[in-house]
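S.K.: Pasting in a structure now, in structure tokens, and then I'll have a few things to ask.
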Amino acid sequence: MYRRIILAFLILLSTTAFPHEPLIRLPDSESPPVFSPTILFPGRMIVDQQGTILSVIIPLKQAGRLLLLEAIIDGRIGIFILDTGSTGLVLNQTYFRDYMPMDEVDAGGITGSAAPTHRVRVKRLQLAGIEYSNLYADVTSLAHIENRRGIQVYGLFGLNLIKDMEMVIDVRHHELQLHRLDKAGNRLTVPAEKIIFDITGKVDEHQNMAYVEVEIGEKKLEFCLDTGAESNVLDMGLPKNVLSTVAILRRSTLQGAGSGSKDVLYGNMNDFNIGGKKIGNMQVLITNLSGLSQRYGYTINGMLGYDFFEKGKIYINLVKHELGIVLNKEGNL
């Protein structure tokens, strides 16, 4: 049975003129409620004797399958999407029209559609106790996300802003932890308890994107870690022994932010492994990712989105190239 399902997704724009791909909506899913955008608290900090911030714990909110955090841009407080699939900072043109454009930015995605984009310079960005100054940002329309979720979205908070720290993404407890590292990639703070991972893997960075090595159908593949994707994605050009491990549920249509659209398959992954350990019960969209691979100059076999991050507490250390997962235990809901 063919069902046409409009998936509003965003072309996420990088600070390197290589825009990243979609915030993908999961077909026919019931979205969790949208949390209030009111700032409850700016985050908890661990500091040394000199007052230097060593770690911050930032509260995450949620709108459907999007993870949200609060930040301040040049004195303006607003909601940003935590998006490790976007390489840098992206601002919504609705709220940042008064910035002087520096240049135009090339953009594209799975469907080939894109919104007009230009680059600006931001004087100051504040996230909890972390401050950035004089950084570049891409400005584009995010109206389709706001209309779909009924919230104000000031922008996208991308990987390049936090990649030098150890990231701990805890969807269940609505937290993003950021830990400063030494040159060897070790935390400057010692965890109160030893962390015992259920799954470990290798993570690398290419073009300001984080990739983890996975195995499906006994074939090793490279998947992008993308907190901005509302579903996992698998490239339809992969070998038959990979695609045959997915139990297809239906066919859908992926509608881009512009006029482009593509057919996709939607199903469950039954043989997904990281570090020799199986992760079951994850949903996935199957579509053509060759355009993205060409744009980045690196093969993208798939994306790990919300279905992956909700599985447990995800530790990402790009300095040491380490991925760690502490799976959610039954009864801890």
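Just so we're on the same page: first chain in the structure tokens is A, next is B, and so on; residues restart at 1 for each chain, and ligands are numbered from 1 in the order they show up.
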Any idea what's packed within 8 Å of Ile274 of chain A, counting only C-alpha atoms, ignoring anything in its chain fewer than 3 positions away? Could you give it as a list in words?
M.R.: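 Once the adjacent positions are removed, what remains is Ile199, Thr200, Gly201, Glu213, Val214, Glu215, Lys277, Lys278 and Ile279 of chain A.
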S.K.: Store the residues picked out above in a file with all heavy atoms, as a tab-separated table (two decimals), in the first residue's frame.
M.R.:
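Below you can see selection08.tsv, which holds the result:
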chain	number	residue	atom	x	y	z
A	199	ILE	N	28.05	-0.57	25.30
A	199	ILE	CA	28.54	-0.64	23.93
A	199	ILE	C	29.60	0.42	23.74
A	199	ILE	O	29.46	1.56	24.22
A	199	ILE	CB	27.39	-0.41	22.92
A	199	ILE	CG1	26.32	-1.50	23.06
A	199	ILE	CG2	27.93	-0.38	21.48
A	199	ILE	CD1	25.09	-1.24	22.21
A	200	THR	N	30.68	0.06	23.07
A	200	THR	CA	31.71	1.04	22.71
A	200	THR	C	32.00	0.93	21.22
A	200	THR	O	31.85	-0.14	20.61
A	200	THR	CB	33.01	0.82	23.50
A	200	THR	OG1	33.51	-0.51	23.25
A	200	THR	CG2	32.79	1.01	24.99
A	201	GLY	N	32.41	2.04	20.64
A	201	GLY	CA	32.73	2.06	19.22
A	201	GLY	C	33.70	3.17	18.90
A	201	GLY	O	34.11	3.94	19.77
A	213	GLU	N	31.49	3.92	13.06
A	213	GLU	CA	31.52	2.70	12.27
A	213	GLU	C	30.49	1.72	12.81
A	213	GLU	O	30.46	1.41	13.99
A	213	GLU	CB	32.91	2.06	12.32
A	213	GLU	CG	33.05	0.83	11.43
A	213	GLU	CD	34.44	0.22	11.49
A	213	GLU	OE1	35.31	0.67	10.72
A	213	GLU	OE2	34.65	-0.69	12.33
A	214	VAL	N	29.61	1.24	11.93
A	214	VAL	CA	28.57	0.28	12.30
A	214	VAL	C	28.70	-0.94	11.40
A	214	VAL	O	29.46	-0.95	10.43
A	214	VAL	CB	27.16	0.90	12.18
A	214	VAL	CG1	27.10	2.23	12.90
A	214	VAL	CG2	26.75	1.06	10.72
A	215	GLU	N	27.95	-1.97	11.72
A	215	GLU	CA	27.94	-3.17	10.89
A	215	GLU	C	26.50	-3.63	10.69
A	215	GLU	O	25.74	-3.79	11.65
A	215	GLU	CB	28.76	-4.28	11.54
A	215	GLU	CG	28.91	-5.52	10.66
A	215	GLU	CD	29.84	-6.55	11.27
A	215	GLU	OE1	30.92	-6.17	11.74
A	215	GLU	OE2	29.47	-7.75	11.28
A	277	LYS	N	28.18	-5.27	19.15
A	277	LYS	CA	26.98	-5.41	19.97
A	277	LYS	C	25.76	-4.96	19.17
A	277	LYS	O	25.77	-3.92	18.52
A	277	LYS	CB	27.11	-4.55	21.24
A	277	LYS	CG	28.26	-4.95	22.14
A	277	LYS	CD	28.02	-6.28	22.83
A	277	LYS	CE	29.12	-6.61	23.82
A	277	LYS	NZ	29.12	-5.69	24.97
A	278	LYS	N	24.71	-5.76	19.26
A	278	LYS	CA	23.50	-5.47	18.49
A	278	LYS	C	22.63	-4.46	19.21
A	278	LYS	O	22.45	-4.51	20.43
A	278	LYS	CB	22.71	-6.76	18.26
A	278	LYS	CG	21.47	-6.58	17.38
A	278	LYS	CD	20.80	-7.92	17.10
A	278	LYS	CE	19.58	-7.77	16.21
A	278	LYS	NZ	18.94	-9.06	15.90
A	279	ILE	N	22.09	-3.51	18.44
A	279	ILE	CA	21.09	-2.57	18.94
A	279	ILE	C	19.81	-2.83	18.16
A	279	ILE	O	19.76	-2.62	16.94
A	279	ILE	CB	21.54	-1.11	18.76
A	279	ILE	CG1	22.88	-0.88	19.47
A	279	ILE	CG2	20.48	-0.15	19.29
A	279	ILE	CD1	23.43	0.52	19.28
S.K.: In Å, with one decimal, what is the gap from atom CA of Gly85 of chain A to atom CA of Leu178 of chain A?
M.R.: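 These atoms are spaced 17.1 Å apart.
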S.K.: Assign secondary structure with DSSP using the backbone only, and return the residues of segment 146-197 of chain A in strand (DSSP E) as a list of chain:residue names.
M.R.: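 Of segment 146-197 of chain A, only A:Gly155, A:Leu156, A:Phe157, A:Gly158, A:Glu166, A:Met167, A:Val168, A:Ile169, A:Asp170, A:Glu175, A:Leu176, A:Gln177, A:Leu178, A:His179 fall in strand (DSSP E).
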S.K.: Taking 2 positions as the minimum chain separation for residues in the same chain, which residues sit within 10 Å of segment 227-233 of chain A when counting only C-alpha atoms? Answer as a compact mmCIF listing (two decimals) with N, CA and C atoms, in the first residue's frame.
M.R.:
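Writing the result to selection_5.txt gives the following:
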# COMPACT_ATOMS: atom_id res chain seq x y z
N PHE A 9 11.28 18.60 6.13
CA PHE A 9 12.61 18.53 6.69
C PHE A 9 13.44 19.70 6.22
N LEU A 10 14.44 20.00 7.05
CA LEU A 10 15.24 21.20 6.89
C LEU A 10 16.58 20.89 6.27
N LEU A 12 20.02 21.71 6.65
CA LEU A 12 20.83 22.33 7.68
C LEU A 12 22.11 22.89 7.05
N GLU A 21 22.15 17.90 5.72
CA GLU A 21 20.85 17.42 5.34
C GLU A 21 19.88 17.43 6.51
N PRO A 22 18.92 16.56 6.55
CA PRO A 22 17.59 16.89 7.01
C PRO A 22 17.34 16.76 8.50
N LEU A 23 16.39 17.54 8.96
CA LEU A 23 15.66 17.16 10.15
C LEU A 23 14.52 16.31 9.61
N ILE A 24 14.58 15.02 9.81
CA ILE A 24 13.62 14.13 9.17
C ILE A 24 12.52 13.75 10.15
N ARG A 25 11.32 13.91 9.74
CA ARG A 25 10.18 13.58 10.57
C ARG A 25 9.81 12.12 10.39
N LEU A 26 9.54 11.44 11.48
CA LEU A 26 9.15 10.04 11.42
C LEU A 26 7.71 9.93 10.98
N PRO A 27 7.41 9.21 9.91
CA PRO A 27 6.04 9.10 9.41
C PRO A 27 5.08 8.51 10.45
N GLY A 64 8.43 17.19 19.85
CA GLY A 64 8.40 15.99 19.05
C GLY A 64 9.70 15.23 19.26
N ARG A 65 10.42 14.97 18.18
CA ARG A 65 11.69 14.25 18.28
C ARG A 65 12.89 15.19 18.12
N LEU A 66 12.67 16.47 18.28
CA LEU A 66 13.75 17.44 18.23
C LEU A 66 14.22 17.77 19.64
N LEU A 67 15.54 17.84 19.83
CA LEU A 67 16.12 18.20 21.12
C LEU A 67 16.45 19.68 21.11
N LEU A 68 16.00 20.39 22.13
CA LEU A 68 16.12 21.84 22.18
C LEU A 68 16.95 22.29 23.37
N ILE A 81 17.85 24.26 18.20
CA ILE A 81 17.83 22.81 18.03
C ILE A 81 19.25 22.29 18.18
N LEU A 82 19.44 21.32 19.07
CA LEU A 82 20.74 20.65 19.19
C LEU A 82 20.89 19.75 17.97
N ASP A 83 21.87 20.05 17.13
CA ASP A 83 21.96 19.38 15.84
C ASP A 83 23.41 19.04 15.51
N THR A 84 23.83 17.87 15.94
CA THR A 84 25.19 17.43 15.65
C THR A 84 25.40 17.11 14.18
N GLY A 85 24.33 17.08 13.41
CA GLY A 85 24.45 16.88 11.97
C GLY A 85 24.69 18.18 11.22
N SER A 86 24.56 19.31 11.90
CA SER A 86 24.90 20.60 11.32
C SER A 86 26.31 20.96 11.78
N LEU A 156 20.03 26.64 14.86
CA LEU A 156 20.55 25.29 15.02
C LEU A 156 21.93 25.38 15.68
N PHE A 157 22.13 24.57 16.69
CA PHE A 157 23.40 24.56 17.43
C PHE A 157 24.18 23.34 16.97
N GLY A 158 25.22 23.56 16.15
CA GLY A 158 25.90 22.48 15.46
C GLY A 158 27.14 21.95 16.15
N LEU A 159 27.69 20.91 15.54
CA LEU A 159 28.78 20.13 16.14
C LEU A 159 30.04 20.94 16.36
N ILE A 169 24.94 12.92 25.69
CA ILE A 169 23.56 13.24 25.32
C ILE A 169 22.64 12.23 25.99
N PHE A 223 28.17 5.79 9.49
CA PHE A 223 26.93 6.50 9.78
C PHE A 223 27.24 7.83 10.46
N CYS A 224 26.55 8.89 10.04
CA CYS A 224 26.67 10.20 10.66
C CYS A 224 25.83 10.24 11.94
N LEU A 225 26.39 10.82 13.02
CA LEU A 225 25.65 11.01 14.26
C LEU A 225 24.91 12.34 14.17
N ASP A 235 21.10 4.51 3.32
CA ASP A 235 21.24 4.77 1.89
C ASP A 235 20.71 3.60 1.07
N MET A 236 19.82 3.90 0.13
CA MET A 236 19.21 2.84 -0.67
C MET A 236 20.19 2.22 -1.67
N VAL A 264 10.64 7.21 -0.44
CA VAL A 264 11.46 6.54 0.56
C VAL A 264 10.74 5.29 1.04
N LEU A 265 11.49 4.36 1.57
CA LEU A 265 10.94 3.20 2.24
C LEU A 265 11.11 3.39 3.74
N TYR A 266 10.22 2.81 4.48
CA TYR A 266 10.20 2.99 5.93
C TYR A 266 10.09 1.61 6.58
N ASN A 268 11.99 -1.31 9.89
CA ASN A 268 12.73 -1.58 11.12
C ASN A 268 14.06 -2.25 10.80
N MET A 269 15.14 -1.79 11.46
CA MET A 269 16.45 -2.41 11.29
C MET A 269 16.56 -3.59 12.25
N MET A 282 15.03 -0.46 16.09
CA MET A 282 15.20 0.91 15.62
C MET A 282 14.56 1.07 14.25
N GLN A 283 13.81 2.14 14.09
CA GLN A 283 13.15 2.43 12.83
C GLN A 283 14.09 3.20 11.91
N VAL A 284 13.82 3.13 10.60
CA VAL A 284 14.73 3.74 9.63
C VAL A 284 13.99 4.12 8.37
N LEU A 285 14.43 5.20 7.73
CA LEU A 285 13.99 5.57 6.40
C LEU A 285 15.08 5.17 5.40
N ILE A 286 14.70 4.65 4.27
CA ILE A 286 15.65 4.26 3.24
C ILE A 286 15.47 5.19 2.04
N THR A 287 16.52 5.91 1.69
CA THR A 287 16.47 6.82 0.55
C THR A 287 17.87 6.98 -0.03
N ASN A 288 17.99 7.76 -1.08
CA ASN A 288 19.26 7.94 -1.77
C ASN A 288 20.09 9.03 -1.09
N LEU A 289 21.28 8.68 -0.60
CA LEU A 289 22.17 9.63 0.05
C LEU A 289 23.39 9.96 -0.79
N ASN A 301 26.84 6.40 4.51
CA ASN A 301 25.99 5.22 4.35
C ASN A 301 24.66 5.35 5.07
N GLY A 302 24.60 6.24 6.06
CA GLY A 302 23.37 6.41 6.81
C GLY A 302 23.52 7.48 7.88
N MET A 303 22.43 7.73 8.59
CA MET A 303 22.41 8.71 9.68
C MET A 303 21.76 8.06 10.90
N LEU A 304 22.31 8.36 12.06
CA LEU A 304 21.72 7.92 13.32
C LEU A 304 21.05 9.12 13.98
N GLY A 305 19.72 9.05 14.06
CA GLY A 305 18.94 10.15 14.60
C GLY A 305 18.29 9.80 15.93
N TYR A 306 17.10 10.35 16.13
CA TYR A 306 16.43 10.25 17.44
C TYR A 306 16.25 8.80 17.89
N ASP A 307 15.91 7.90 16.97
CA ASP A 307 15.70 6.49 17.35
C ASP A 307 16.94 5.90 18.01
N PHE A 308 18.11 6.38 17.59
CA PHE A 308 19.36 5.91 18.19
C PHE A 308 19.63 6.60 19.52
N PHE A 309 19.50 7.91 19.57
CA PHE A 309 19.86 8.65 20.77
C PHE A 309 18.93 8.37 21.95
